[in-house]
>>> print(open('my_file.txt').read())   # compact mmCIF, C-alpha atoms
# COMPACT_ATOMS: atom_id res chain seq x y z
CA MET G 18 82.20 114.90 75.03
CA ARG G 19 80.33 113.02 77.79
CA ARG G 20 82.24 109.84 76.92
CA SER G 21 85.51 111.73 77.03
CA LEU G 22 84.67 113.21 80.43
CA LEU G 23 83.64 109.79 81.72
CA ALA G 24 86.86 108.24 80.45
CA LEU G 25 88.92 110.98 82.08
CA SER G 26 87.05 110.49 85.35
CA LEU G 27 87.69 106.77 85.29
CA LEU G 28 91.35 107.34 84.53
CA ALA G 29 91.59 109.78 87.42
CA LEU G 30 89.99 107.27 89.78
CA GLY G 31 92.35 104.56 88.56
CA ALA G 32 95.35 106.82 89.06
CA ALA G 33 94.18 107.66 92.57
CA GLY G 34 93.80 103.97 93.35
CA SER G 35 97.24 103.21 91.97
CA ALA G 36 98.76 106.03 94.03
CA HIS G 37 97.29 104.48 97.18
CA ALA G 38 98.60 101.04 96.30
CA ALA G 39 102.15 101.50 97.48
CA MET G 40 104.82 99.69 99.44
CA VAL G 41 105.52 101.44 102.71
CA ALA G 42 108.54 101.38 105.01
CA LYS G 43 107.46 102.67 108.38
CA PRO G 44 110.15 103.39 110.99
CA VAL G 45 109.99 101.17 114.08
CA GLN G 46 112.28 101.83 117.04
CA TRP G 47 112.94 100.17 120.35
CA THR G 48 115.51 100.62 123.09
CA ASP G 49 117.19 97.74 124.85
CA HIS G 50 119.98 98.02 127.43
CA GLY G 51 120.31 101.69 126.58
CA VAL G 52 120.76 101.06 122.85
CA THR G 53 118.17 102.30 120.32
CA PHE G 54 117.50 100.08 117.32
CA LYS G 55 116.08 101.67 114.15
CA SER G 56 114.16 99.22 111.99
CA PHE G 57 111.43 99.40 109.34
CA LEU G 58 108.04 97.75 108.91
CA VAL G 59 107.67 97.00 105.19
CA TYR G 60 104.44 95.97 103.45
CA ASP G 61 101.85 96.85 100.80
CA ASP G 62 99.29 99.04 102.58
CA ALA G 63 96.75 98.61 99.76
CA VAL G 64 96.18 95.01 100.85
CA THR G 65 93.93 94.85 103.91
CA ALA G 66 93.97 91.08 104.41
CA LYS G 67 96.18 89.80 107.20
CA ARG G 68 99.31 88.03 106.01
CA PRO G 69 102.38 86.32 107.48
CA GLY G 70 104.85 88.45 109.40
CA LEU G 71 108.58 88.01 108.81
CA VAL G 72 111.58 89.24 110.72
CA MET G 73 114.20 89.98 108.06
CA VAL G 74 117.81 90.45 109.11
CA PRO G 75 119.90 91.94 106.28
CA ASN G 76 123.53 91.29 105.45
CA TRP G 77 126.39 92.81 107.43
CA PHE G 78 125.78 96.28 105.96
CA GLY G 79 122.63 96.39 108.06
CA VAL G 80 119.55 98.50 107.39
CA ASN G 81 120.18 100.72 104.37
CA ASP G 82 118.44 101.71 101.13
CA MET G 83 119.39 98.45 99.41
CA ALA G 84 118.05 96.38 102.29
CA ILE G 85 114.78 98.33 102.26
CA ALA G 86 114.42 97.78 98.50
CA LYS G 87 115.04 94.06 98.96
CA ALA G 88 112.47 93.89 101.77
CA LYS G 89 109.89 95.57 99.52
CA ASP G 90 110.57 93.09 96.72
CA ILE G 91 110.15 90.14 99.06
CA ALA G 92 107.13 91.50 100.94
CA GLY G 93 105.03 92.30 97.87
CA LYS G 94 101.41 91.54 98.69
CA ASP G 95 102.39 88.36 100.52
CA TYR G 96 104.17 89.37 103.74
CA VAL G 97 104.65 92.08 106.34
CA ILE G 98 108.38 92.38 107.01
CA LEU G 99 110.18 93.84 110.00
CA LEU G 100 113.54 94.81 108.50
CA THR G 101 115.68 94.51 111.59
CA ASP G 102 118.52 96.66 112.87
CA MET G 103 120.89 94.38 114.79
CA TYR G 104 123.53 97.02 115.52
CA GLY G 105 121.69 99.86 117.18
CA GLY G 106 122.74 103.45 117.63
CA ASP G 107 124.04 105.15 114.51
CA THR G 108 125.99 102.16 113.21
CA ARG G 109 125.47 102.07 109.43
CA PRO G 110 128.50 100.46 107.75
CA LYS G 111 129.64 102.14 104.53
CA ASN G 112 132.30 99.61 103.50
CA THR G 113 133.46 96.09 104.25
CA ASP G 114 135.88 97.20 106.97
CA GLU G 115 133.11 98.98 108.83
CA ALA G 116 130.74 96.05 108.29
CA GLY G 117 133.30 93.62 109.64
CA ALA G 118 133.77 95.77 112.72
CA ALA G 119 129.99 95.96 113.23
CA VAL G 120 129.35 92.20 113.13
CA LYS G 121 132.42 91.20 115.14
CA PRO G 122 130.86 91.82 118.59
CA LEU G 123 127.80 89.76 117.64
CA TYR G 124 129.72 86.82 116.19
CA GLY G 125 131.96 87.03 119.26
CA ASP G 126 129.01 86.99 121.66
CA ARG G 127 126.30 84.72 120.32
CA LYS G 128 124.27 85.19 123.48
CA LEU G 129 124.01 88.88 122.58
CA MET G 130 123.05 87.98 119.00
CA ARG G 131 120.31 85.71 120.28
CA GLU G 132 119.00 88.38 122.62
CA ARG G 133 118.83 91.01 119.87
CA VAL G 134 117.14 88.83 117.26
CA THR G 135 114.69 87.56 119.91
CA ARG G 136 113.79 91.15 120.77
CA ALA G 137 113.20 91.83 117.08
CA PHE G 138 110.86 88.83 116.91
CA ASP G 139 108.96 90.17 119.93
CA GLU G 140 108.69 93.56 118.22
CA LEU G 141 107.27 91.90 115.09
CA LYS G 142 104.54 90.31 117.19
CA ALA G 143 103.80 93.66 118.82
CA GLN G 144 103.24 95.27 115.40
CA GLU G 145 100.00 93.34 114.89
CA LYS G 146 98.17 96.47 116.06
CA ASN G 147 99.89 98.63 113.44
CA ALA G 148 99.97 96.40 110.36
CA PRO G 149 97.95 93.52 108.83
CA ILE G 150 100.00 90.74 110.45
CA ASP G 151 98.55 87.28 111.06
CA PRO G 152 99.96 86.36 114.51
CA ALA G 153 99.49 82.67 113.73
CA ARG G 154 101.97 82.88 110.82
CA LEU G 155 105.33 84.27 111.90
CA ALA G 156 108.77 83.43 110.52
CA ALA G 157 112.25 84.88 110.02
CA ILE G 158 114.60 85.18 107.07
CA GLY G 159 118.19 86.39 106.90
CA PHE G 160 120.98 87.07 104.47
CA CYS G 161 124.69 86.37 105.08
CA PHE G 162 125.19 87.62 108.67
CA GLY G 163 121.41 87.84 108.91
CA GLY G 164 121.18 84.14 108.12
CA SER G 165 123.30 83.38 111.18
CA ALA G 166 121.02 85.62 113.26
CA VAL G 167 117.77 83.91 112.28
CA LEU G 168 119.30 80.48 112.85
CA ASP G 169 120.17 81.67 116.33
CA LEU G 170 116.55 82.74 116.80
CA ALA G 171 115.45 79.17 116.03
CA ARG G 172 118.07 77.85 118.45
CA THR G 173 116.53 79.79 121.33
CA GLY G 174 113.37 77.70 121.08
CA ALA G 175 111.28 80.70 120.01
CA ASP G 176 107.77 80.01 118.72
CA VAL G 177 108.75 80.95 115.19
CA ALA G 178 107.15 78.75 112.52
CA ALA G 179 110.13 78.77 110.17
CA VAL G 180 113.49 80.34 109.49
CA VAL G 181 115.20 80.60 106.11
CA THR G 182 118.85 81.53 105.76
CA PHE G 183 120.35 82.71 102.46
CA HIS G 184 124.13 82.31 102.02
CA GLY G 185 124.55 82.51 105.79
CA LEU G 186 127.14 80.97 108.10
CA LEU G 187 125.78 77.83 109.72
CA SER G 188 128.09 77.64 112.74
CA ASP G 189 126.83 77.88 116.32
CA ASP G 190 128.17 78.51 119.80
CA SER G 191 127.93 75.01 121.23
CA LYS G 192 128.16 76.33 124.82
CA LEU G 193 124.72 77.95 124.46
CA GLY G 194 123.05 74.78 123.31
CA SER G 195 120.28 74.41 120.76
CA LYS G 196 116.63 74.37 121.82
CA LEU G 197 114.96 73.96 118.46
CA HIS G 198 111.22 73.75 118.99
CA ASP G 199 108.86 73.08 116.10
CA THR G 200 110.67 75.47 113.79
CA HIS G 201 111.10 74.48 110.16
CA VAL G 202 114.70 75.31 109.20
CA LEU G 203 115.80 75.89 105.59
CA ALA G 204 119.43 76.70 104.72
CA LEU G 205 120.14 77.93 101.19
CA ASN G 206 123.81 78.21 100.24
CA GLY G 207 126.10 78.34 97.25
CA ALA G 208 127.88 75.04 96.69
CA ASP G 209 131.11 76.98 96.10
CA ASP G 210 130.75 79.40 99.03
CA ALA G 211 134.15 79.37 100.74
CA ASN G 212 132.60 81.00 103.83
CA VAL G 213 130.67 77.80 104.52
CA PRO G 214 133.23 74.97 104.36
CA PRO G 215 132.23 71.27 104.34
CA GLU G 216 132.95 70.80 108.03
CA GLN G 217 130.56 73.66 108.91
CA ARG G 218 127.83 72.16 106.77
CA ALA G 219 128.39 68.75 108.37
CA ALA G 220 128.19 70.22 111.88
CA PHE G 221 124.95 72.01 110.99
CA GLU G 222 123.41 68.82 109.64
CA ALA G 223 124.46 66.94 112.77
CA GLU G 224 122.86 69.66 114.92
CA MET G 225 119.60 69.43 112.98
CA ARG G 226 119.52 65.64 113.23
CA ALA G 227 120.24 65.71 116.96
CA ALA G 228 117.37 68.15 117.45
CA LYS G 229 115.07 66.01 115.29
CA ALA G 230 114.24 69.23 113.47
CA ASP G 231 112.20 69.58 110.30
CA TRP G 232 115.01 70.91 108.15
CA ALA G 233 116.50 71.05 104.67
CA SER G 234 119.81 72.27 103.28
CA VAL G 235 120.20 73.21 99.62
CA ASP G 236 123.54 73.90 97.93
CA TYR G 237 123.17 75.65 94.59
CA GLY G 238 125.73 74.58 92.01
CA ASN G 239 128.22 77.16 90.70
CA ALA G 240 127.03 79.74 93.27
CA VAL G 241 129.24 81.49 95.79
CA HIS G 242 128.45 83.93 98.61
CA CYS G 243 126.05 86.92 98.13
CA PHE G 244 123.98 85.24 95.41
CA THR G 245 120.86 87.28 96.32
CA GLU G 246 122.69 90.60 96.69
CA LYS G 247 121.93 92.62 93.54
CA GLU G 248 124.64 95.14 94.34
CA ALA G 249 127.30 92.42 94.01
CA THR G 250 127.23 92.75 90.22
CA GLU G 251 130.94 92.13 89.82
CA SER G 252 132.61 89.06 91.20
CA ILE G 253 134.73 90.08 94.17
CA GLY G 254 136.41 86.99 95.51
CA ASN G 255 133.76 84.80 97.08
CA CYS G 256 130.91 87.30 96.59
CA ARG G 257 128.76 87.45 93.44
CA TYR G 258 125.08 88.02 92.63
CA ASP G 259 123.42 85.24 90.63
CA ALA G 260 119.95 86.12 89.33
CA LYS G 261 119.07 82.55 88.37
CA VAL G 262 120.05 81.14 91.75
CA ALA G 263 118.34 84.00 93.59
CA THR G 264 115.09 83.25 91.75
CA ARG G 265 115.32 79.58 92.70
CA ALA G 266 116.14 80.42 96.30
CA TYR G 267 113.20 82.82 96.70
CA ALA G 268 110.86 80.21 95.22
CA ALA G 269 112.21 77.67 97.73
CA MET G 270 111.67 80.17 100.55
CA LYS G 271 108.04 80.78 99.59
CA ALA G 272 107.27 77.08 99.30
CA TRP G 273 108.96 76.38 102.64
CA LEU G 274 107.07 79.14 104.46
CA THR G 275 103.74 78.14 102.90
CA GLU G 276 104.17 74.58 104.13
CA ALA G 277 105.37 75.63 107.58
CA PHE G 278 102.37 77.91 108.12
CA LYS G 279 100.02 74.97 107.55
CA HIS G 280 101.28 73.19 110.68
>>> encode(input="my_file.txt", output="structure tokens")
Amino acid sequence: MRRSLLALSLLALGAAGSAHAAMVAKPVQWTDHGVTFKSFLVYDDAVTAKRPGLVMVPNWFGVNDMAIAKAKDIAGKDYVILLTDMYGGDTRPKNTDEAGAAVKPLYGDRKLMRERVTRAFDELKAQEKNAPIDPARLAAIGFCFGGSAVLDLARTGADVAAVVTFHGLLSDDSKLGSKLHDTHVLALNGADDANVPPEQRAAFEAEMRAAKADWASVDYGNAVHCFTEKEATESIGNCRYDAKVATRAYAAMKAWLTEAFKH
């Protein structure tokens, strides 16, 4: 009987510990130029050690349940992620038409895009008091539209250690100029992604060379757009999830960030 009671007690303690070990998504809001942005700080609160902080800009559907789930998967025990709202207000696209309308003002005004992603990066740094973020290890990752946003963050000359873009557009507004600092830039794209034509890739490579950046560009064979987006289970034109390519891309991201944080 004593052994049974002891076993039950240990099981209860284990269950309590497991219940505490959970991924959290804490709301984080800020207001800029009269617009309120509703983001989430995502991390494992059972891990007390400080870890790298990442700004994560999701695809053109913005901050939604799927984006939060993806942020949790990426964060794990390794990162604290600020899942970033780039639209502000109550803009939460429900379909591709609404998503296209939401991103249009930002693609049309890259200065505005830079300002918003820079503010998000500043908010990540400010969260050090609320989450176990190592301020010496900060980076940014983005998906599709979000990839364009984090590239623009690097172009501002921000003190971000690295940016990683997944199936994102690589084009820039040349009038704004590129002020790449010591940022390590990694672009991960599908070799068959029609959204990123050869001339865009060539212009991106020329930009990186001109800036003497530490950069790499990987094109995954047989992959199109959306290759990390689990919801794209059926091929719709140029958009299709690819589990194998996604696994490779996330491994490349982790290796890239680990190296960048050593500098």
>>> atom_distance(input="my_file.txt", atom1="atom CA of Arg68 of chain G", atom2="atom CA of His280 of chain G")
15.7 Å
>>> residues_near_point(input="my_file.txt", point="(124.7, 100.4, 108.3)", cutoff="12 Å", atoms="all atoms listed in the file", output="count of residues only")
34
>>> closest_residue(input="my_file.txt", among="G:Ala171, G:Val74, G:Asp151, G:Asp126", to="Asp95 of chain G", atoms="only C-alpha atoms")
G:Asp151
>>> residues_near_point(input="my_file.txt", point="(100.9, 89.9, 106.9)", cutoff="9 Å", atoms="only C-alpha atoms", output="list in words")
Tyr60, Ala66, Lys67, Arg68, Pro69, Gly70, Leu71, Ala92, Lys94, Asp95, Tyr96, Val97, Ile98, Glu145, Ala148, Pro149, Ile150, Asp151, Pro152, Arg154 and Leu155 of chain G
>>> atom_distance(input="my_file.txt", atom1="atom CA of Ala179 of chain G", atom2="atom CA of Ala156 of chain G")
4.9 Å
>>> atom_distance(input="my_file.txt", atom1="atom CA of Glu132 of chain G", atom2="atom CA of Leu170 of chain G")
8.5 Å
>>> residues_around(input="my_file.txt", residues="segment 245-247 of chain G", least_positions_apart="4", cutoff="9 Å", atoms="only C-alpha atoms", output="PyMOL selection string")
chain G and resi 76+83+87+160+183-184+256-260+262-264+266-267
>>> residues_around(input="my_file.txt", residues="Ala277 of chain G", least_positions_apart="3", cutoff="10 Å", atoms="only C-alpha atoms", output="number ranges by chain")
G: 154-156, 177-180, 199-202, 231, 271-274, 280
>>> closest_residue(input="my_file.txt", among="G:Asp190, G:Glu216, G:Asp210, G:Asp139", to="Ala175 of chain G", atoms="only C-alpha atoms")
G:Asp139
